[in-house]
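Heads up, the thing below is written out as structure tokens.
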Amino acid sequence: MNLIDPAAFHARLGGHGIDLFAGVPDSLLQDLCACIEDLSPREKNIITANEGNAVALACGYHIATGRYAAVYLQNSGLGNTVNPLLSLAHPQVYGVPMLLVVGWRGEPGVKDEPQHVAQGRLTLPTLDTLEAPYQVLDPQQWEAQVDWAIDQMRSSSAPVALVVRKGTFARYAAAERPTSLRLSRERALEIVADTIGPDAFVVSTTGKTSRELFEIRERRGEGHSHDFLTVGGMGHAASIAMGMCLGTDETVFCIDGDGGFLMHLGSLAVTAQQAGQNFRYLLINNGAHESVGGQPTVAFDIDVAAMLTAAGFGQVESVRDETELADAVRRLAATPRSALVVEVAQGSRPDLGRPTIAPAANKVDMMAQFGASRP
């Protein structure tokens with residue numbers, strides 16, 4: 001089967017006047033995203049905090065220049081785009097043309113993880129509801145589909161989507177990013193798990209963090225009933241943990257990632273102010289959207305600890321050395337409404353698996369540990 005050359009796709013969009021790219025990376029689009037990062041100047045490829053930001057950015061760019069932006073996202077990110085697509089870009093409001101490139105996780109008939117099944121089944125109906133014309137990208141006729149999409153968005157002054165199936169784009173080698181960090185995320189999680197013990201309640205963020213925590217528990221035979229694995233809903237781990245803290249006196253540890261931290265950053269201010277004394281926040285920062293290809297975030301370019309302090313966390317520490325981590329976690333556990341930032345290197349084991357317990361079963365097991373009654 002022929003696959004689409006990411007560089008050829010990038011060039012064809014450029015030939016149609018699309019010279020700005022923005023969005024949140026997706027595993028199905030990782031080769032295209034790597035190509036965009038390689039071939040576009042830094043100021044022309046904006047990896048946004050969330051997908052709605054990218055739609056708003058595309059609106060502003062078109063209004064200032066008359067040119068067009070392409071917004072890339074996983075279909076799970078469509079939820080973040082609904083408000084700006086309908087209340088800003090829609091033809092009945094401002095009428096802003098833009099190209100949406102949407103990775104189709106959970107496509108019906110294609111095996112995927114539980115969190116993608118409903119999203120995949122509802123992706124095309126969601127685009128219909130948003131009144132966004134679309135085509136599913138076909139490697140045999142992709143040039144004509146790109147031409148159609150550009151013509152459609154220009155003539156209608158509206159967003160138009162190209163939906164991307166798994167395995168549509170050919171491989172594109174991403175550039176290596178040098179780092180001085182040596183601590184891996186999995187090793188950091190092992191130290192955290194050792195320090196807080198198997199009976200601590202944990203909410204872990206989307207992606208490889210939850211996968212690694214699951215495997216650590218499996219290796220140790222500790223069970224999973226004290227862990228909530230946030231397999232979907234990127235950016236909401238802290239809010240889930242806050243909700244737990246409002247319903248229990250037990251200490252709850254939120255283990256977040258930098259991509260999730262940035263995606264809904266405003267929620268951290270509310271959490272820091274109102275989560276209660278039993279909330280603990282641990283941010284593992286590798287400066288990347290590693291689970292979907294390793295594209296960079298801005299988390300190494302900002303003072304994350306200072307932002308958490310400003311939000312209202314009473315004690316905030318940062319560590320990057322394995323020898324310092326266990327003591328820092330002990331201080332986190334002992335200090336109400338505290339936060340800890342752990343800087344780690346990118347990378348994970350090639351044989352890293354996925355949770356084998358269904359999310360609904362995980363929920364029931366955790367409710368039993370809290371002693372929560374089921375209605």
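Residue numbering restarts at 1 in every chain; chains get A, B, ... in the order shown in the structure tokens, and ligands count up from 1 in that same order.
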
Report task. For range 189-196 of chain A, please output as an MDAnalysis selection string all residues within 12 Å (counting only C-alpha atoms; exclusion window: fewer than 2 positions along the same chain). Result -> chainID A and resid 183:187 198:202 204 208:220 222 226:227 251:257 280 282:284 321:334 340 342:344

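Here the strand (DSSP E) residues in range 121-207 of chain A, by DSSP on the backbone, are Tyr134, Gln135, Val136, Pro159, Val160, Ala161, Leu162, Val163, Val164, Phe201, Val202, Val203 and Ser204 of chain A.
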
Can you write out the residues you just picked, keeping C-alpha atoms, as a PDB file, in the first residue's frame?
ATOM      1  CA  TYR A 134     -14.649  16.573   5.635  1.00  0.00           C
ATOM      2  CA  GLN A 135     -13.064  13.734   3.721  1.00  0.00           C
ATOM      3  CA  VAL A 136     -11.185  10.708   5.046  1.00  0.00           C
ATOM      4  CA  PRO A 159     -13.239  25.230   8.637  1.00  0.00           C
ATOM      5  CA  VAL A 160     -12.860  22.035   6.598  1.00  0.00           C
ATOM      6  CA  ALA A 161     -11.400  18.747   7.859  1.00  0.00           C
ATOM      7  CA  LEU A 162      -9.217  15.961   6.530  1.00  0.00           C
ATOM      8  CA  VAL A 163      -9.567  12.855   8.712  1.00  0.00           C
ATOM      9  CA  VAL A 164      -6.478  10.643   8.972  1.00  0.00           C
ATOM     10  CA  PHE A 201      -4.396   7.009  46.484  1.00  0.00           C
ATOM     11  CA  VAL A 202      -2.990   8.132  43.132  1.00  0.00           C
ATOM     12  CA  VAL A 203      -4.430   9.810  40.041  1.00  0.00           C
ATOM     13  CA  SER A 204      -1.976   9.449  37.157  1.00  0.00           C
TER      14      SER A 204
END

Query - Pick from A:Leu127, A:Val304, A:Met263, A:Ala238 nearest to Glu51 in chain A, counting only C-alpha atoms - result: A:Met263

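Put simply, CA of Asp147 in chain A is 28.4 Å away from CA of Gly109 in chain A.
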
Find the residues near Val93 in chain A: any atom within 12 Å, counting only C-alpha atoms, skip ones fewer than 2 places away on the same chain, and give them as a short mmCIF file (atom, residue, chain, number, x, y, z; two decimals) with N, CA, C and O atoms, in the first residue's frame.
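Dumped to out_36.cif:
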data_model
loop_
_atom_site.label_atom_id
_atom_site.label_comp_id
_atom_site.auth_asym_id
_atom_site.auth_seq_id
_atom_site.Cartn_x
_atom_site.Cartn_y
_atom_site.Cartn_z
N CYS A 59 -7.74 31.62 13.68
CA CYS A 59 -8.67 32.73 13.41
C CYS A 59 -7.91 34.06 13.36
O CYS A 59 -8.05 34.85 12.43
N ASN A 83 -16.23 25.01 21.05
CA ASN A 83 -16.62 26.40 21.29
C ASN A 83 -16.02 27.36 20.27
O ASN A 83 -16.76 28.13 19.63
N PRO A 84 -14.70 27.38 20.04
CA PRO A 84 -14.18 28.33 19.05
C PRO A 84 -14.61 28.02 17.62
O PRO A 84 -14.77 28.96 16.81
N LEU A 85 -14.83 26.75 17.28
CA LEU A 85 -15.30 26.45 15.93
C LEU A 85 -16.71 26.99 15.69
O LEU A 85 -17.01 27.53 14.62
N LEU A 86 -17.58 26.84 16.70
CA LEU A 86 -18.96 27.26 16.51
C LEU A 86 -19.21 28.72 16.85
O LEU A 86 -20.06 29.37 16.22
N SER A 87 -18.49 29.27 17.83
CA SER A 87 -18.78 30.64 18.25
C SER A 87 -17.83 31.68 17.65
O SER A 87 -18.04 32.88 17.83
N LEU A 88 -16.80 31.22 16.93
CA LEU A 88 -15.88 32.15 16.27
C LEU A 88 -15.76 31.88 14.77
O LEU A 88 -16.08 32.73 13.94
N ALA A 89 -15.34 30.66 14.42
CA ALA A 89 -14.96 30.38 13.04
C ALA A 89 -16.15 30.05 12.13
O ALA A 89 -16.02 30.13 10.90
N HIS A 90 -17.27 29.68 12.69
CA HIS A 90 -18.43 29.27 11.90
C HIS A 90 -18.87 30.37 10.94
O HIS A 90 -18.78 31.57 11.28
N PRO A 91 -19.36 30.02 9.74
CA PRO A 91 -19.78 31.04 8.77
C PRO A 91 -20.87 31.99 9.27
O PRO A 91 -20.98 33.12 8.78
N GLY A 95 -16.81 33.51 10.18
CA GLY A 95 -16.53 32.86 8.91
C GLY A 95 -15.04 32.82 8.61
O GLY A 95 -14.55 33.52 7.73
N VAL A 96 -14.31 31.99 9.35
CA VAL A 96 -12.86 31.93 9.20
C VAL A 96 -12.45 30.59 8.58
O VAL A 96 -12.67 29.54 9.18
N PRO A 97 -11.85 30.61 7.39
CA PRO A 97 -11.39 29.37 6.78
C PRO A 97 -10.12 28.85 7.45
O PRO A 97 -9.22 29.62 7.77
N SER A 157 -15.67 30.06 3.39
CA SER A 157 -15.10 30.82 4.52
C SER A 157 -15.40 30.10 5.83
O SER A 157 -15.98 30.65 6.77
N ALA A 158 -14.97 28.85 5.88
CA ALA A 158 -15.29 28.01 7.04
C ALA A 158 -14.22 26.94 7.23
O ALA A 158 -13.47 26.63 6.30
#

Report task. Can you check which residues of range 113-202 of chain A DSSP gives as helix (DSSP H, G or I) on the backbone and send them as a PyMOL selection string? Result -> chain A and resi 114-129+142-156+185-196

Requested in this report: Using only C-alpha atoms, determine which residues lie at most 12 Å from Val110 in chain A, disregarding the query and same-chain residues fewer than 2 positions distant; provide the list as a ChimeraX atom specification.
Outcome: /A:104-108,112-114,116-117,120-121,165-167

Query raised in the report: Closest to Asp249 in chain A among A:Gly353, A:Gly17, A:Pro336, A:Pro133, using only C-alpha atoms?
Result: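 Closest residue, counting only C-alpha atoms: A:Pro336.
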
Listing only residues of range 184-264 of chain A within 8 Å of range 28-49 of chain A, what is the closest atom pair and its distance in Å (to one decimal) for each, using only C-alpha atoms, sorted by chain and residue number ascending, as a tab-separated table?
residue	atom	partner	partner_atom	distance
A:Gly259	CA	A:Ala49	CA	7.4
A:Leu262	CA	A:Ala49	CA	5.4
A:Met263	CA	A:Ala49	CA	4.5
A:His264	CA	A:Ala49	CA	7.5

Keeping only C-alpha atoms, write the selected residues as an mmCIF file, in the first residue's frame.
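New file again_2.cif:
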data_model
loop_
_atom_site.group_PDB
_atom_site.id
_atom_site.type_symbol
_atom_site.label_atom_id
_atom_site.label_comp_id
_atom_site.auth_asym_id
_atom_site.auth_seq_id
_atom_site.Cartn_x
_atom_site.Cartn_y
_atom_site.Cartn_z
ATOM 1 C CA GLY A 259 1.534 18.344 28.436
ATOM 2 C CA LEU A 262 -0.250 23.061 30.173
ATOM 3 C CA MET A 263 -3.451 21.915 28.487
ATOM 4 C CA HIS A 264 -5.829 23.222 31.177
#

Query raised in the report: Hey, what's within 8 Å of Thr179 in chain A if we count only C-alpha atoms and toss same-chain stuff fewer than 2 positions away? As a PyMOL selection string, please?
Result: chain A and resi 177+181+345

Query raised in the report: Any idea what the distance is between CA of Ala272 in chain A and CA of Gly312 in chain A?
Result: 5.2 Å

Requested in this report: Could you tell me how far CA of Asn53 in chain A lies from CA of Val71 in chain A, in Å and to one decimal?
Outcome: 9.9 Å

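Residues in contact with Asp5 in chain A at 8 Å, where only C-alpha atoms are counted and same-chain residues fewer than 6 positions away are skipped, are listed as Phe169, Ala170 and Arg171 of chain A.
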
Report task. Please provide the set of residues having any atom within 9 Å of Arg67 in chain A, restricted to only C-alpha atoms, with same-chain residues fewer than 6 positions apart removed, written as a PyMOL selection string. Result -> chain A and resi 17-20+61

Keeping N, CA and C atoms for every residue in the selection just given, could you write it to a file as a CSV table (one decimal), in the first residue's frame?
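Output contents, as saved in again29.csv:
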chain,number,residue,atom,x,y,z
A,17,GLY,N,-1.0,28.1,0.0
A,17,GLY,CA,-1.0,29.3,0.8
A,17,GLY,C,-1.1,29.0,2.3
A,18,ILE,N,-1.1,27.7,2.7
A,18,ILE,CA,-1.1,27.4,4.2
A,18,ILE,C,0.3,27.5,4.6
A,19,ASP,N,0.6,28.5,5.5
A,19,ASP,CA,2.0,28.7,5.9
A,19,ASP,C,2.1,28.8,7.4
A,20,LEU,N,1.0,28.4,8.1
A,20,LEU,CA,1.1,28.4,9.6
A,20,LEU,C,0.5,27.1,10.0
A,61,TYR,N,-4.7,34.6,12.9
A,61,TYR,CA,-3.8,34.7,11.8
A,61,TYR,C,-4.4,35.1,10.5
